[in-house]
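K.L.:
Quick one, final29.pdb (PDB, C-alpha atoms):
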MODEL        1
ATOM      1  CA  MET A   1      90.159 128.281 102.059
ATOM      2  CA  SER A   2      86.601 126.976 102.319
ATOM      3  CA  ALA A   3      85.672 124.259 104.796
ATOM      4  CA  ALA A   4      86.126 120.598 103.918
ATOM      5  CA  ARG A   5      82.883 119.075 102.632
ATOM      6  CA  VAL A   6      82.495 115.623 104.062
ATOM      7  CA  GLY A   7      79.847 112.928 104.033
ATOM      8  CA  VAL A   8      79.047 110.519 106.854
ATOM      9  CA  LEU A   9      77.604 107.173 105.740
ATOM     10  CA  VAL A  10      74.411 105.932 107.368
ATOM     11  CA  PHE A  11      73.617 102.210 107.282
ATOM     12  CA  PRO A  12      70.770 100.440 109.022
ATOM     13  CA  GLY A  13      72.299  99.935 112.454
ATOM     14  CA  SER A  14      74.806 102.802 112.366
ATOM     15  CA  LEU A  15      74.996 104.348 115.842
ATOM     16  CA  ASP A  16      77.756 106.922 115.841
ATOM     17  CA  ASP A  17      76.755 108.710 112.645
ATOM     18  CA  ARG A  18      75.393 111.735 114.518
ATOM     19  CA  ASP A  19      78.414 111.940 116.795
ATOM     20  CA  MET A  20      80.731 111.743 113.810
ATOM     21  CA  LEU A  21      78.780 114.437 111.963
ATOM     22  CA  ARG A  22      78.802 116.664 115.035
ATOM     23  CA  GLY A  23      82.494 116.019 115.725
ATOM     24  CA  LEU A  24      83.425 116.886 112.153
ATOM     25  CA  GLU A  25      81.317 120.055 112.292
ATOM     26  CA  LEU A  26      82.958 121.024 115.579
ATOM     27  CA  CYS A  27      86.282 120.694 113.757
ATOM     28  CA  GLY A  28      85.138 123.057 111.036
ATOM     29  CA  ALA A  29      83.726 120.752 108.345
ATOM     30  CA  GLU A  30      80.575 121.090 106.310
ATOM     31  CA  ALA A  31      79.150 117.645 106.950
ATOM     32  CA  GLN A  32      76.143 115.786 105.577
ATOM     33  CA  PHE A  33      74.723 112.297 105.896
ATOM     34  CA  LEU A  34      74.953 109.851 102.975
ATOM     35  CA  TRP A  35      72.270 107.145 102.915
ATOM     36  CA  HIS A  36      73.437 103.579 102.215
ATOM     37  CA  LYS A  37      71.066 103.200  99.254
ATOM     38  CA  ASP A  38      72.487 106.191  97.408
ATOM     39  CA  ALA A  39      74.592 104.845  94.585
ATOM     40  CA  ARG A  40      75.872 108.316  93.689
ATOM     41  CA  LEU A  41      77.860 110.649  95.891
ATOM     42  CA  PRO A  42      77.187 114.389  95.901
ATOM     43  CA  GLU A  43      79.469 116.386  93.622
ATOM     44  CA  SER A  44      82.317 118.258  95.281
ATOM     45  CA  LEU A  45      82.652 115.907  98.229
ATOM     46  CA  ASP A  46      86.124 116.111  99.807
ATOM     47  CA  GLY A  47      86.041 113.182 102.214
ATOM     48  CA  ILE A  48      83.929 110.366 103.658
ATOM     49  CA  GLY A  49      83.542 109.198 107.240
ATOM     50  CA  VAL A  50      82.334 105.664 107.924
ATOM     51  CA  PRO A  51      80.900 105.657 111.447
ATOM     52  CA  GLY A  52      80.620 103.043 114.150
ATOM     53  CA  GLY A  53      77.618 100.978 115.109
ATOM     54  CA  PHE A  54      76.230  97.607 114.136
ATOM     55  CA  SER A  55      75.490  97.913 110.431
ATOM     56  CA  TYR A  56      73.073  95.176 109.307
ATOM     57  CA  GLY A  57      73.098  93.810 112.853
ATOM     58  CA  ASP A  58      76.699  92.595 112.459
ATOM     59  CA  TYR A  59      75.172  89.562 110.692
ATOM     60  CA  LEU A  60      77.577  87.021 109.192
ATOM     61  CA  ARG A  61      80.661  89.107 110.069
ATOM     62  CA  CYS A  62      80.988  92.719 111.184
ATOM     63  CA  GLY A  63      80.873  94.921 108.109
ATOM     64  CA  ALA A  64      80.383  92.025 105.684
ATOM     65  CA  MET A  65      76.908  93.052 104.535
ATOM     66  CA  ALA A  66      77.495  96.818 104.487
ATOM     67  CA  ARG A  67      80.289  96.220 102.034
ATOM     68  CA  PHE A  68      77.772  95.334  99.309
ATOM     69  CA  SER A  69      75.410  98.281  99.821
ATOM     70  CA  PRO A  70      75.025 100.654  96.837
ATOM     71  CA  VAL A  71      76.861 103.524  98.513
ATOM     72  CA  MET A  72      79.953 101.392  99.091
ATOM     73  CA  ARG A  73      80.536 100.955  95.372
ATOM     74  CA  ALA A  74      80.724 104.736  95.113
ATOM     75  CA  VAL A  75      82.969 104.876  98.193
ATOM     76  CA  LEU A  76      85.350 102.354  96.600
ATOM     77  CA  GLU A  77      85.759 104.550  93.530
ATOM     78  CA  PHE A  78      86.057 107.646  95.706
ATOM     79  CA  ALA A  79      88.849 106.067  97.758
ATOM     80  CA  GLN A  80      90.613 104.708  94.689
ATOM     81  CA  SER A  81      90.695 108.251  93.265
ATOM     82  CA  GLY A  82      92.838 109.240  96.262
ATOM     83  CA  LYS A  83      90.189 111.057  98.313
ATOM     84  CA  PRO A  84      90.353 110.631 102.093
ATOM     85  CA  VAL A  85      88.164 108.076 103.846
ATOM     86  CA  LEU A  86      88.087 107.615 107.628
ATOM     87  CA  GLY A  87      86.542 104.532 109.218
ATOM     88  CA  VAL A  88      85.883 104.286 112.933
ATOM     89  CA  CYS A  89      85.011 101.054 114.769
ATOM     90  CA  ASN A  90      82.319  99.370 112.638
ATOM     91  CA  GLY A  91      83.439 101.763 109.901
ATOM     92  CA  PHE A  92      86.948 100.291 110.208
ATOM     93  CA  GLN A  93      85.467  96.783 109.991
ATOM     94  CA  ILE A  94      83.513  97.768 106.872
ATOM     95  CA  LEU A  95      86.598  99.230 105.157
ATOM     96  CA  CYS A  96      88.517  96.006 105.905
ATOM     97  CA  GLU A  97      85.707  93.820 104.554
ATOM     98  CA  ALA A  98      85.505  96.045 101.473
ATOM     99  CA  GLY A  99      89.202  95.528 100.829
ATOM    100  CA  LEU A 100      90.042  99.230 101.187
ATOM    101  CA  LEU A 101      92.175  98.367 104.213
ATOM    102  CA  PRO A 102      94.154  95.152 104.689
ATOM    103  CA  GLY A 103      93.331  92.654 107.423
ATOM    104  CA  VAL A 104      90.201  91.968 109.429
ATOM    105  CA  LEU A 105      88.776  92.507 112.915
ATOM    106  CA  VAL A 106      87.717  89.512 114.981
ATOM    107  CA  ARG A 107      86.130  88.786 118.352
ATOM    108  CA  ASN A 108      87.978  90.250 121.334
ATOM    109  CA  ARG A 109      90.406  87.787 122.876
ATOM    110  CA  ASP A 110      88.484  87.643 126.168
ATOM    111  CA  LEU A 111      85.062  87.513 124.445
ATOM    112  CA  LYS A 112      84.087  90.614 126.414
ATOM    113  CA  TYR A 113      82.716  93.819 125.010
ATOM    114  CA  VAL A 114      85.175  96.497 126.064
ATOM    115  CA  CYS A 115      84.142 100.069 126.836
ATOM    116  CA  GLN A 116      86.928 102.215 128.231
ATOM    117  CA  ASP A 117      89.346 105.006 127.471
ATOM    118  CA  VAL A 118      92.570 103.883 125.809
ATOM    119  CA  ARG A 119      95.789 105.611 124.919
ATOM    120  CA  VAL A 120      97.192 105.107 121.447
ATOM    121  CA  ALA A 121     100.463 106.301 119.969
ATOM    122  CA  VAL A 122     100.586 107.711 116.467
ATOM    123  CA  GLU A 123     102.874 105.853 114.058
ATOM    124  CA  ASP A 124     102.107 106.328 110.372
ATOM    125  CA  PRO A 125      98.637 107.784 109.786
ATOM    126  CA  GLY A 126      99.222 108.225 106.050
ATOM    127  CA  LYS A 127      97.933 111.544 104.781
ATOM    128  CA  PHE A 128      96.155 112.290 108.066
ATOM    129  CA  ARG A 129      99.275 113.743 109.582
ATOM    130  CA  ALA A 130      98.572 117.494 109.967
ATOM    131  CA  GLU A 131      98.249 117.250 113.758
ATOM    132  CA  LEU A 132      99.471 113.675 114.172
ATOM    133  CA  PRO A 133     103.264 113.570 114.371
ATOM    134  CA  PRO A 134     104.697 110.102 115.008
ATOM    135  CA  GLY A 135     104.830 109.364 118.724
ATOM    136  CA  ARG A 136     101.969 111.648 119.708
ATOM    137  CA  GLY A 137      99.724 110.054 122.330
ATOM    138  CA  LEU A 138      95.946 110.264 122.007
ATOM    139  CA  VAL A 139      93.353 109.322 124.614
ATOM    140  CA  MET A 140      90.064 108.138 123.103
ATOM    141  CA  PRO A 141      87.356 105.664 124.098
ATOM    142  CA  VAL A 142      86.893 102.206 122.592
ATOM    143  CA  LYS A 143      83.583 100.336 122.711
ATOM    144  CA  HIS A 144      83.491  97.109 120.757
ATOM    145  CA  GLY A 145      83.169  93.349 120.941
ATOM    146  CA  GLU A 146      85.105  92.587 117.786
ATOM    147  CA  GLY A 147      88.135  94.809 117.652
ATOM    148  CA  ALA A 148      91.068  92.406 117.595
ATOM    149  CA  TYR A 149      92.970  93.206 114.435
ATOM    150  CA  VAL A 150      94.329  90.290 112.395
ATOM    151  CA  PRO A 151      96.650  91.287 109.539
ATOM    152  CA  ASP A 152      96.405  89.783 106.082
ATOM    153  CA  PRO A 153      99.546  87.640 105.717
ATOM    154  CA  ASP A 154      99.923  88.922 102.138
ATOM    155  CA  HIS A 155      99.591  92.646 102.971
ATOM    156  CA  LYS A 156     101.761  94.021 105.717
ATOM    157  CA  PRO A 157      99.661  96.769 107.303
ATOM    158  CA  ARG A 158     100.792 100.361 107.562
ATOM    159  CA  VAL A 159     100.219 100.837 111.298
ATOM    160  CA  ALA A 160      98.599 104.224 111.933
ATOM    161  CA  PHE A 161      97.932 103.838 115.666
ATOM    162  CA  ARG A 162      99.076 101.372 118.307
ATOM    163  CA  TYR A 163      97.643 100.841 121.789
ATOM    164  CA  VAL A 164      99.989 101.958 124.547
ATOM    165  CA  GLY A 165     100.349  99.565 127.483
ATOM    166  CA  GLY A 166      98.681  96.586 125.781
ATOM    167  CA  SER A 167      95.552  96.266 123.701
ATOM    168  CA  PRO A 168      92.128  95.928 125.338
ATOM    169  CA  ASN A 169      91.087  93.271 122.800
ATOM    170  CA  GLY A 170      93.987  90.993 121.862
ATOM    171  CA  SER A 171      94.838  92.874 118.688
ATOM    172  CA  THR A 172      97.899  91.575 116.818
ATOM    173  CA  ASP A 173     100.954  93.655 117.818
ATOM    174  CA  ASP A 174      98.601  96.021 119.707
ATOM    175  CA  ILE A 175      97.434  97.522 116.415
ATOM    176  CA  ALA A 176      94.606 100.038 116.970
ATOM    177  CA  GLY A 177      94.372 101.461 113.458
ATOM    178  CA  VAL A 178      95.885 101.099 109.993
ATOM    179  CA  ALA A 179      96.264 103.094 106.777
ATOM    180  CA  ASN A 180      96.197 101.817 103.201
ATOM    181  CA  ALA A 181      99.320 101.869 101.067
ATOM    182  CA  ALA A 182      98.355 105.182  99.431
ATOM    183  CA  GLY A 183      97.728 106.741 102.850
ATOM    184  CA  ASN A 184      94.303 108.201 102.011
ATOM    185  CA  VAL A 185      92.232 105.550 103.813
ATOM    186  CA  VAL A 186      92.587 105.179 107.584
ATOM    187  CA  GLY A 187      90.595 103.023 109.984
ATOM    188  CA  LEU A 188      90.768 102.625 113.737
ATOM    189  CA  MET A 189      88.803 101.050 116.572
ATOM    190  CA  PRO A 190      88.983 103.985 119.067
ATOM    191  CA  HIS A 191      86.425 106.762 118.605
ATOM    192  CA  PRO A 192      87.847 110.210 117.854
ATOM    193  CA  GLU A 193      84.321 111.628 117.544
ATOM    194  CA  HIS A 194      83.627 110.756 121.196
ATOM    195  CA  ALA A 195      86.742 112.652 122.311
ATOM    196  CA  THR A 196      86.188 116.114 120.909
ATOM    197  CA  ASP A 197      85.596 118.104 124.103
ATOM    198  CA  PRO A 198      87.204 118.147 127.567
ATOM    199  CA  LEU A 199      83.686 117.554 128.915
ATOM    200  CA  LEU A 200      83.816 114.108 127.290
ATOM    201  CA  GLY A 201      87.052 113.283 129.114
ATOM    202  CA  SER A 202      89.382 114.051 126.212
ATOM    203  CA  SER A 203      89.566 116.321 123.221
ATOM    204  CA  ASP A 204      92.395 114.369 121.552
ATOM    205  CA  GLY A 205      90.014 112.981 118.936
ATOM    206  CA  GLY A 206      89.686 116.488 117.558
ATOM    207  CA  ALA A 207      93.316 116.377 116.429
ATOM    208  CA  LEU A 208      92.571 113.230 114.422
ATOM    209  CA  LEU A 209      89.388 114.633 112.874
ATOM    210  CA  ARG A 210      91.136 117.901 111.981
ATOM    211  CA  SER A 211      93.976 115.919 110.395
ATOM    212  CA  PHE A 212      91.389 114.011 108.322
ATOM    213  CA  LEU A 213      89.818 117.338 107.265
ATOM    214  CA  ALA A 214      93.217 118.802 106.394
ATOM    215  CA  ALA A 215      93.830 115.778 104.145
ATOM    216  CA  CYS A 216      90.408 116.387 102.565
ATOM    217  CA  VAL A 217      91.254 119.986 101.722
ATOM    218  CA  ALA A 218      94.719 119.014 100.455
ATOM    219  CA  ALA A 219      93.249 116.361  98.136
ATOM    220  CA  ARG A 220      90.836 118.976  96.769
ATOM    221  CA  THR A 221      93.435 121.629  95.997
ATOM    222  CA  ARG A 222      95.650 119.102  94.279
ATOM    223  CA  ARG A 223      92.954 118.448  91.701
TER
ATOM    224  CA  MET B   1      69.092  71.150  95.794
ATOM    225  CA  LYS B   2      70.288  71.903  99.281
ATOM    226  CA  LEU B   3      73.915  72.394 100.189
ATOM    227  CA  ARG B   4      75.438  73.102 103.550
ATOM    228  CA  VAL B   5      78.451  75.336 103.909
ATOM    229  CA  LEU B   6      80.684  75.114 106.960
ATOM    230  CA  VAL B   7      82.648  78.297 107.630
ATOM    231  CA  SER B   8      85.305  78.237 110.338
ATOM    232  CA  LEU B   9      88.404  80.111 111.401
ATOM    233  CA  LYS B  10      91.611  78.925 109.771
ATOM    234  CA  PRO B  11      93.944  76.869 111.932
ATOM    235  CA  GLY B  12      96.229  79.266 113.747
ATOM    236  CA  VAL B  13      93.642  82.044 114.041
ATOM    237  CA  LEU B  14      92.607  82.340 117.689
ATOM    238  CA  ASP B  15      89.075  80.996 118.147
ATOM    239  CA  ALA B  16      88.151  82.771 121.371
ATOM    240  CA  GLN B  17      84.714  81.111 121.508
ATOM    241  CA  GLY B  18      86.157  77.661 120.967
ATOM    242  CA  ARG B  19      88.646  78.257 123.738
ATOM    243  CA  ALA B  20      85.929  79.422 126.149
ATOM    244  CA  ILE B  21      83.810  76.359 125.331
ATOM    245  CA  GLU B  22      86.808  74.116 125.900
ATOM    246  CA  HIS B  23      87.412  75.702 129.312
ATOM    247  CA  ALA B  24      83.762  75.227 130.249
ATOM    248  CA  LEU B  25      83.816  71.567 129.170
ATOM    249  CA  ARG B  26      86.956  70.895 131.159
ATOM    250  CA  ASP B  27      85.427  72.628 134.186
ATOM    251  CA  LEU B  28      82.509  70.205 133.842
ATOM    252  CA  GLY B  29      84.938  67.327 134.124
ATOM    253  CA  TYR B  30      85.455  66.524 130.444
ATOM    254  CA  THR B  31      89.214  66.618 130.813
ATOM    255  CA  GLN B  32      89.678  64.463 127.702
ATOM    256  CA  VAL B  33      88.467  67.388 125.530
ATOM    257  CA  SER B  34      90.911  69.640 123.770
ATOM    258  CA  GLY B  35      91.271  71.625 120.554
ATOM    259  CA  VAL B  36      87.662  72.877 120.463
ATOM    260  CA  ARG B  37      86.931  74.981 117.388
ATOM    261  CA  THR B  38      83.673  76.643 116.388
ATOM    262  CA  GLY B  39      82.203  77.549 113.035
ATOM    263  CA  LYS B  40      78.916  78.363 111.403
ATOM    264  CA  LEU B  41      76.743  76.234 109.222
ATOM    265  CA  ILE B  42      74.942  78.000 106.399
ATOM    266  CA  VAL B  43      72.264  76.120 104.462
ATOM    267  CA  LEU B  44      71.673  77.140 100.867
ATOM    268  CA  ASP B  45      68.698  76.042  98.752
ATOM    269  CA  LEU B  46      69.950  76.296  95.177
ATOM    270  CA  ASP B  47      67.615  76.345  92.218
ATOM    271  CA  THR B  48      69.559  73.898  90.083
ATOM    272  CA  PRO B  49      69.381  70.110  89.753
ATOM    273  CA  ASP B  50      73.022  69.888  88.672
ATOM    274  CA  PRO B  51      75.153  69.055  91.727
ATOM    275  CA  GLU B  52      78.336  70.351  90.131
ATOM    276  CA  LYS B  53      76.757  73.652  89.221
ATOM    277  CA  ALA B  54      75.313  73.940  92.723
ATOM    278  CA  ARG B  55      78.691  73.367  94.316
ATOM    279  CA  ALA B  56      80.306  75.923  92.009
ATOM    280  CA  LEU B  57      77.643  78.465  92.956
ATOM    281  CA  ALA B  58      78.156  77.773  96.647
ATOM    282  CA  ALA B  59      81.915  78.111  96.296
ATOM    283  CA  GLU B  60      81.491  81.441  94.550
ATOM    284  CA  ALA B  61      79.181  82.639  97.320
ATOM    285  CA  CYS B  62      81.794  81.603  99.894
ATOM    286  CA  GLU B  63      84.571  83.468  98.138
ATOM    287  CA  LYS B  64      82.468  86.587  97.724
ATOM    288  CA  LEU B  65      80.545  86.862 100.967
ATOM    289  CA  LEU B  66      80.150  83.854 103.225
ATOM    290  CA  ALA B  67      83.789  83.539 104.287
ATOM    291  CA  ASN B  68      86.557  86.082 104.695
ATOM    292  CA  PRO B  69      89.619  84.379 103.208
ATOM    293  CA  VAL B  70      91.991  86.338 105.462
ATOM    294  CA  ILE B  71      90.848  84.405 108.529
ATOM    295  CA  GLU B  72      88.274  81.855 107.469
ATOM    296  CA  GLN B  73      88.080  78.599 105.520
ATOM    297  CA  TYR B  74      85.005  76.918 104.138
ATOM    298  CA  GLU B  75      83.882  73.464 103.328
ATOM    299  CA  ILE B  76      80.910  72.594 101.148
ATOM    300  CA  LEU B  77      78.964  69.664 102.547
ATOM    301  CA  SER B  78      76.147  67.894 100.801
TER
ENDMDL
END
For the file at hand, write its structure as structure tokens.
P.N.:
Amino acid sequence: MSAARVGVLVFPGSLDDRDMLRGLELCGAEAQFLWHKDARLPESLDGIGVPGGFSYGDYLRCGAMARFSPVMRAVLEFAQSGKPVLGVCNGFQILCEAGLLPGVLVRNRDLKYVCQDVRVAVEDPGKFRAELPPGRGLVMPVKHGEGAYVPDPDHKPRVAFRYVGGSPNGSTDDIAGVANAAGNVVGLMPHPEHATDPLLGSSDGGALLRSFLAACVAARTRR
Amino acid sequence: MKLRVLVSLKPGVLDAQGRAIEHALRDLGYTQVSGVRTGKLIVLDLDTPDPEKARALAAEACEKLLANPVIEQYEILS
């Protein structure tokens, strides 16, 4: 089976786009950048990664401006067709603002930017389950100022990952990441792409990225 | 005409900044202060003389972009 072909979005202010591209390549993907002004996605794309950073300077609200960029319209259609989309950190915030994931991320409870390794437990990561059985622990870094998850009262979230031993940011019910109802869109605050090699302190993020890629390939063969 | 839009967190959503400001005020001796909430004021210059139309435009902008209805409320001030 050929490698998953994935795109990594690049907005003005994206920071982790290169790390995400490299992490996905390390996990066997054919990855390419997708510029925020591109209204059309390349043909034969299997999945999309939305990386961390400070898109549009985090103006107004994190992710609020990126949501209206031309590429996001294409990403909305892509996600609605059942193709996998992974959002990390600012990418998670963007997917929430775009309505692809329920809820929203707000300022950390203690108003402090947090930068540390965290442990999360897998609960229900939707279709990204190849290497993510429920209960599996993953160590990955977080680095954010606005990572406290607030659920939408009208949409009970499907909790993909939960912080173990308390959240670093005041997240509701220690939620670290959620999936959409269909299970093909997953977002989380911790950074799997920064935990892809023992040299980085953990390679647990690789399991998450490979699970995303497995979902990409599965969605392709179903077509 | 100009309209001002006040966007703030809904009651019940933790306003971490408001809480920090309240602590600082109380540390300064303003012990009468409580319930501090923050928000942002956005000024819009709308190219229409019709106040009703202007307010409708501002409300639409709030629903679409300026406020996130999951956590925020807005008020249109003149």
K.L.:
Pick from A:Asp17, A:Asp152, A:Glu30, A:Asp173: nearest to chain B, with all atoms listed in the file counted?
P.N.:
A:Asp152
K.L.:
Show me, as a count of residues only, the residues that have an atom within 9 Å of Leu95 of chain A when counting only C-alpha atoms, minus same-chain residues fewer than 5 positions from it.
P.N.:
12
K.L.:
Pick out the closest residue to Lys112 of chain A from this set: A:Lys83, A:His36, A:Arg18, A:Lys143. Count all atoms listed in the file.
P.N.:
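The answer is A:Lys143, which sits nearest to Lys112 of chain A.
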K.L.:
When you count all atoms listed in the file, which of these residues is closest to Glu97 of chain A: A:Leu132, A:Leu9, A:Val75, A:Met65?
P.N.:
A:Met65
K.L.:
Running the ChimeraX specification (/A :<8) & /B on this model by hand, what would come out? Give it as a ChimeraX atom specification.
P.N.:
/B:14,16-17,65-66,68,70-71
K.L.:
Counting all atoms listed in the file, figure out which residue out of B:Arg37, B:Lys10, B:Arg55, B:His23 gets nearest to Leu77 of chain B.
P.N.:
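Selected residue with least distance to Leu77 of chain B: B:Arg55.
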K.L.:
Just so the selection is clear, what residues does the PyMOL selection byres ((chain B and resi 76) around 7) cover here, as an NGL selection string?
P.N.:
:B and (4-6 or 74-75 or 77-78)
